[in-house]
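> Okay, here's the structure, questions in a sec.
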There are 2 protein chains.
Amino acid sequence: MELKLFDSKSVSGIAHSRRPYWSSFSGFRDGVGVRFSPKLCSCRGAFPRVSVSSISENAYLTKKAIASSDPEKLVEEDYVYRINGAYGASSILFSGNTKVLEASDDEYEGVVVDPEGLPTNPDAFSSILRFSLSHWRRRQKKGVWLKLPLERAELVPVAVKEGFQYHHAEPGYVMLTYWIPEGPCLLPANATHQVGVGGFVINHKNEVLVVQEKYCNPAFADLWKLPTGFIRESEEIFQGAVREVKEETGIDTEFVEVIAFRHAHNLAFEKSDLFFVCMLTPLSAEIQVDDFEIQAAKWMPLTEFVEQPLIQGDCMFKKVIDICIARLKKRYCGLYPHQLVSTFDGQTSSLYYNDFDAQDTTCASS
Amino acid sequence: MELKLFDSKSVSGIAHSRRPYWSSFSGFRDGVGVRFSPKLCSCRGAFPRVSVSSISENAYLTKKAIASSDPEKLVEEDYVYRINGAYGASSILFSGNTKVLEASDDEYEGVVVDPEGLPTNPDAFSSILRFSLSHWRRRQKKGVWLKLPLERAELVPVAVKEGFQYHHAEPGYVMLTYWIPEGPCLLPANATHQVGVGGFVINHKNEVLVVQEKYCNPAFADLWKLPTGFIRESEEIFQGAVREVKEETGIDTEFVEVIAFRHAHNLAFEKSDLFFVCMLTPLSAEIQVDDFEIQAAKWMPLTEFVEQPLIQGDCMFKKVIDICIARLKKRYCGLYPHQLVSTFDGQTSSLYYNDFDAQDTTCASS
């Protein structure tokens, strides 16, 4: 099957936002945590400056007007003063009680609202949010990040009414965003992928560790397959493969290599999926089936495993097995994880590559 | 740096839900789209059955009581009748006007609420939702999926009050879930990863295509780095790498291989990041800098690129460049994407692996 290396539509012309903010190998860490750490390589937009930018107007007119020597702050204070002077209490937006939401500047001319400082009353929130948006617009801010905890769900419709959109959500909160400038929103997108692992475990008798699952399309009920599963939040691929095999079959294993990976699209929640085929060496033999999700598990002779009609009839599945067999015959070398620290962020992360410096020994180690 | 292959905590004992529902290499497609398609390999819980399960009580008592021969339906009709008989109009939950939300059964004993059938009034929604939950509980349903479009944000606090949690969100909607059974929620998690690409492009004069970015930590402002970026929704890695290089520098390229990949955690929105280092062959020479996000771009002699102090001083970055150079010297073979169709789902996806059958020619093609 031929692979199109050039899709002119993907090179140009698709109306996606460009997302120049953050890229992989750079670091943007949870806008609400207000922790933006410079990371490796792309190092986009990672200034160490984070400051509380907006508090109540009264605070501007009292504490800050005296203490601040920042020209921008002084202009802003003057603006707030003039607003108050011009409109007095005639407008709820600019009344003496209206505050600007507590927020921090982010590294990208954006604003991160502090969830701790949200008003309790939806009507008050509506006024303050509207005033805050005009305040931030005047300060030429760009993106506004508003994290609403589950227990503040009553504020969600208020924010949406003011023009906020959903960005992402986790069980305990929803993150909303507002893009102030004219033109397309350049805020970084939500996570795009699920990551799964499958374990190819083969013993010294040339038997493969296989399972049948409980929740299975009846058409594939007879298929003996590799143990598979999603990796967990912040879990390494090599750990996830070892864990899934252990959970489903009770077998302890040692990770050998990522043999191949599959990239598929439009799966759960329209997201994409990266599935890593991992070779593992068994460290135990006695199977304990996980009653929760596994119907049966066993050691199956490799030839019998490969000869299953459902595998023989499927070019994707067959290729994966062919690669695993090539690896067994030392005609193939997968990728091995190496934990490396980068000075760009001081963090340890895993770099997966062929062990080209020690290729003979690594590829012979299975 | 040594890699711990066994983290006993990850093998057992972490209090995560097991998520037996869907795994990679299987298919769960957007619960709200009510399209669950059986996919490759793990084939968990993919029954082709989707049916509208709940309509108004009146409908149960009129149309269905006559037409249905399903014993479960009859029991349910009897239940609804008895409830009405016992409580009459005295409770809003069980009044003659209370309906069950329009919904479809999913493949996993769950319920997917139809966003088109939501009541317009939040108070009405509250009653109907509460009644629907007790209805589904009695039918031993498990997970409830409730997708609320942005324009129905006023229903969010109502659902949260009834015990729903956020699951995920995209700009136009938020997905809420409710887990009916006792015990831990077994619904599949949200997407966990961002995916980025970097392009190592080297010409016949041994010059590397490098950029300096506009939005950059000042500490790294002098660094000439590889073009990088996120891949787009549903975009292939090989296409994303070609596109990013084209966008940032104007250079056309042909994808050669994924050389290595990096797995890092707790980056944007606490999610993980997979970054694929790709080798590309240039097809053009004249650089056109992207004013939007790139400060400067140029062809830089390989030796000069490698000798940059920031690269020499960073073991992650240096290793990536070492691997690229090893690939140039044909001492290394990365992974090449092959588009394969699987009979398990009829879909085409990309399998990345070493071209072991044609390894000599592939690795010599750069």
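Ordering of the structure tokens sets the chain letters (A, B, ...), residue numbers begin anew at 1 in every chain, and ligands are numbered from 1 in the order given.
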Name the residues of segment 232-269 of chain B that come out as strand (DSSP E or B) in a backbone DSSP run; write them as a VMD selection string.
chain B and resid 253 to 264
> Which residues, written as a list in words, have at least one atom at most 6 Å from Ala169 of chain B, with only C-alpha atoms counted and residues fewer than 5 positions away on the same chain left out?
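The filter keeps His168 and Ala169 of chain A; Val174 and Met175 of chain B.
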> Those same residues, written as a PDB file, in the first residue's frame with all heavy atoms?

ATOM      1  N   HIS A 168     -11.107  22.672  27.822  1.00  0.00           N
ATOM      2  CA  HIS A 168     -11.011  21.257  28.169  1.00  0.00           C
ATOM      3  C   HIS A 168     -11.649  21.076  29.538  1.00  0.00           C
ATOM      4  O   HIS A 168     -12.024  22.046  30.199  1.00  0.00           O
ATOM      5  CB  HIS A 168      -9.563  20.764  28.166  1.00  0.00           C
ATOM      6  CG  HIS A 168      -8.715  21.310  29.272  1.00  0.00           C
ATOM      7  ND1 HIS A 168      -8.123  22.557  29.219  1.00  0.00           N
ATOM      8  CD2 HIS A 168      -8.370  20.803  30.483  1.00  0.00           C
ATOM      9  CE1 HIS A 168      -7.434  22.765  30.328  1.00  0.00           C
ATOM     10  NE2 HIS A 168      -7.564  21.719  31.122  1.00  0.00           N
ATOM     11  N   ALA A 169     -11.798  19.830  29.939  1.00  0.00           N
ATOM     12  CA  ALA A 169     -12.350  19.559  31.264  1.00  0.00           C
ATOM     13  C   ALA A 169     -11.746  18.280  31.802  1.00  0.00           C
ATOM     14  O   ALA A 169     -11.365  17.393  31.046  1.00  0.00           O
ATOM     15  CB  ALA A 169     -13.870  19.434  31.189  1.00  0.00           C
TER      16      ALA A 169
ATOM     17  N   VAL B 174     -19.439  20.599  26.412  1.00  0.00           N
ATOM     18  CA  VAL B 174     -18.811  19.920  27.543  1.00  0.00           C
ATOM     19  C   VAL B 174     -19.520  18.576  27.713  1.00  0.00           C
ATOM     20  O   VAL B 174     -20.744  18.477  27.570  1.00  0.00           O
ATOM     21  CB  VAL B 174     -18.867  20.778  28.831  1.00  0.00           C
ATOM     22  CG1 VAL B 174     -20.303  21.074  29.254  1.00  0.00           C
ATOM     23  CG2 VAL B 174     -18.130  20.102  29.990  1.00  0.00           C
ATOM     24  N   MET B 175     -18.739  17.533  27.962  1.00  0.00           N
ATOM     25  CA  MET B 175     -19.296  16.196  28.181  1.00  0.00           C
ATOM     26  C   MET B 175     -19.275  15.912  29.676  1.00  0.00           C
ATOM     27  O   MET B 175     -18.231  16.019  30.322  1.00  0.00           O
ATOM     28  CB  MET B 175     -18.460  15.151  27.453  1.00  0.00           C
ATOM     29  CG  MET B 175     -18.927  13.728  27.692  1.00  0.00           C
ATOM     30  SD  MET B 175     -20.380  13.323  26.726  1.00  0.00           S
ATOM     31  CE  MET B 175     -19.581  12.833  25.195  1.00  0.00           C
TER      32      MET B 175
END
> As a PDB file with N, CA, C and O atoms, in the first residue's frame, please: the residues near Thr249 of chain B (cut-off 7 Å, only C-alpha atoms, same-chain neighbours under 4 positions excluded).

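As written to disk, result.pdb reads:
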ATOM      1  N   VAL B 245       7.753  22.250   9.005  1.00  0.00           N
ATOM      2  CA  VAL B 245       8.968  22.772   8.360  1.00  0.00           C
ATOM      3  C   VAL B 245       8.589  23.776   7.274  1.00  0.00           C
ATOM      4  O   VAL B 245       9.182  24.859   7.165  1.00  0.00           O
ATOM      5  N   ILE B 287      14.794  29.875   1.714  1.00  0.00           N
ATOM      6  CA  ILE B 287      14.051  30.017   2.972  1.00  0.00           C
ATOM      7  C   ILE B 287      13.115  31.226   2.931  1.00  0.00           C
ATOM      8  O   ILE B 287      13.491  32.302   2.454  1.00  0.00           O
ATOM      9  N   GLN B 288      11.912  31.031   3.401  1.00  0.00           N
ATOM     10  CA  GLN B 288      10.967  32.137   3.615  1.00  0.00           C
ATOM     11  C   GLN B 288      10.519  32.059   5.066  1.00  0.00           C
ATOM     12  O   GLN B 288       9.767  31.156   5.436  1.00  0.00           O
ATOM     13  N   VAL B 289      11.012  32.999   5.858  1.00  0.00           N
ATOM     14  CA  VAL B 289      10.737  32.947   7.297  1.00  0.00           C
ATOM     15  C   VAL B 289       9.270  33.283   7.574  1.00  0.00           C
ATOM     16  O   VAL B 289       8.710  34.199   6.975  1.00  0.00           O
ATOM     17  N   ASP B 290       8.704  32.511   8.476  1.00  0.00           N
ATOM     18  CA  ASP B 290       7.340  32.771   8.936  1.00  0.00           C
ATOM     19  C   ASP B 290       7.386  33.887   9.978  1.00  0.00           C
ATOM     20  O   ASP B 290       7.783  33.670  11.122  1.00  0.00           O
ATOM     21  N   ALA B 297      15.529  32.094  10.327  1.00  0.00           N
ATOM     22  CA  ALA B 297      15.764  30.716   9.887  1.00  0.00           C
ATOM     23  C   ALA B 297      16.930  30.729   8.914  1.00  0.00           C
ATOM     24  O   ALA B 297      17.142  31.722   8.207  1.00  0.00           O
TER      25      ALA B 297
END
> Would you work out the distance separating atom CA of Phe317 of chain A from atom CA of Val341 of chain B, expressed in Å to one decimal?
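Computed distance, atom CA of Phe317 of chain A to atom CA of Val341 of chain B, equals 9.7 Å.
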> Tell me which of B:Lys298, B:Lys161, B:Arg137, B:Lys329 sits closest to chain A, counting only C-alpha atoms.
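Of the candidates, the smallest distance to chain A is held by B:Lys161.
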> Quote the spacing between atom CA of Asn190 of chain A and atom CA of Ile128 of chain A in Å to one decimal place.
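Value for the atom CA of Asn190 of chain A-atom CA of Ile128 of chain A distance: 27.1 Å.
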> Ranking B:Lys319, B:Glu247, B:Pro149, B:Ser349 by minimum distance to Ser234 of chain B and counting only C-alpha atoms, which one comes first?
B:Ser349
> Between atom CA of Val277 of chain A and atom CA of Glu304 of chain A, what is the spacing in Å?
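One can read the atom CA of Glu304 of chain A to atom CA of Val277 of chain A distance as 19.9 Å.
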> Report as number ranges by chain all protein, DNA and RNA residues lying within 8 Å of Met279 of chain A, evaluated on only C-alpha atoms, omitting residues in the same chain fewer than 4 positions from it.
A: 199-201, 255-259, 324
> Quick one: write out the picked residues with N, CA and C atoms as a compact mmCIF listing (two decimals), in the first residue's frame?

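Result saved to selection_7.txt:
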# COMPACT_ATOMS: atom_id res chain seq x y z
N GLY A 199 1.42 -6.01 24.76
CA GLY A 199 2.63 -6.74 25.17
C GLY A 199 2.79 -8.05 24.41
N PHE A 200 3.90 -8.19 23.68
CA PHE A 200 4.24 -9.46 23.04
C PHE A 200 5.21 -10.17 23.98
N VAL A 201 4.69 -11.18 24.68
CA VAL A 201 5.48 -11.89 25.70
C VAL A 201 5.67 -13.32 25.22
N PHE A 255 10.62 -5.37 30.36
CA PHE A 255 10.46 -4.67 29.08
C PHE A 255 11.71 -4.85 28.23
N VAL A 256 11.50 -5.13 26.94
CA VAL A 256 12.64 -5.27 26.02
C VAL A 256 12.71 -4.05 25.08
N GLU A 257 11.67 -3.85 24.29
CA GLU A 257 11.71 -2.77 23.31
C GLU A 257 10.31 -2.39 22.85
N VAL A 258 10.16 -1.15 22.38
CA VAL A 258 9.01 -0.80 21.54
C VAL A 258 9.36 -1.30 20.14
N ILE A 259 8.50 -2.18 19.60
CA ILE A 259 8.79 -2.82 18.31
C ILE A 259 8.26 -1.97 17.16
N CYS A 324 7.40 -8.85 15.26
CA CYS A 324 7.81 -9.47 16.52
C CYS A 324 8.68 -10.71 16.25
> Give me the residues near Val156 of chain A as a ChimeraX atom specification, where near means some atom within 10 Å (using only C-alpha atoms) and where sequence neighbours in that chain fewer than 6 positions away do not count.
/A:122,146-150,164-166,174-176 /B:150,153-157
> Find, counting only C-alpha atoms, the residue in A:Gly196, A:Pro337, A:Pro218, A:Gly163 that gets nearest to Leu274 of chain A.
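Going through A:Gly196, A:Pro337, A:Pro218, A:Gly163 one by one, the smallest distance to Leu274 of chain A is for A:Gly196.
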> Apply DSSP to the structure's backbone, then extract all residues of segment 249-354 of chain A labelled helix (DSSP H, G or I) and return them as number ranges by chain.
A: 249, 268-270, 302-306, 309-312, 315-328
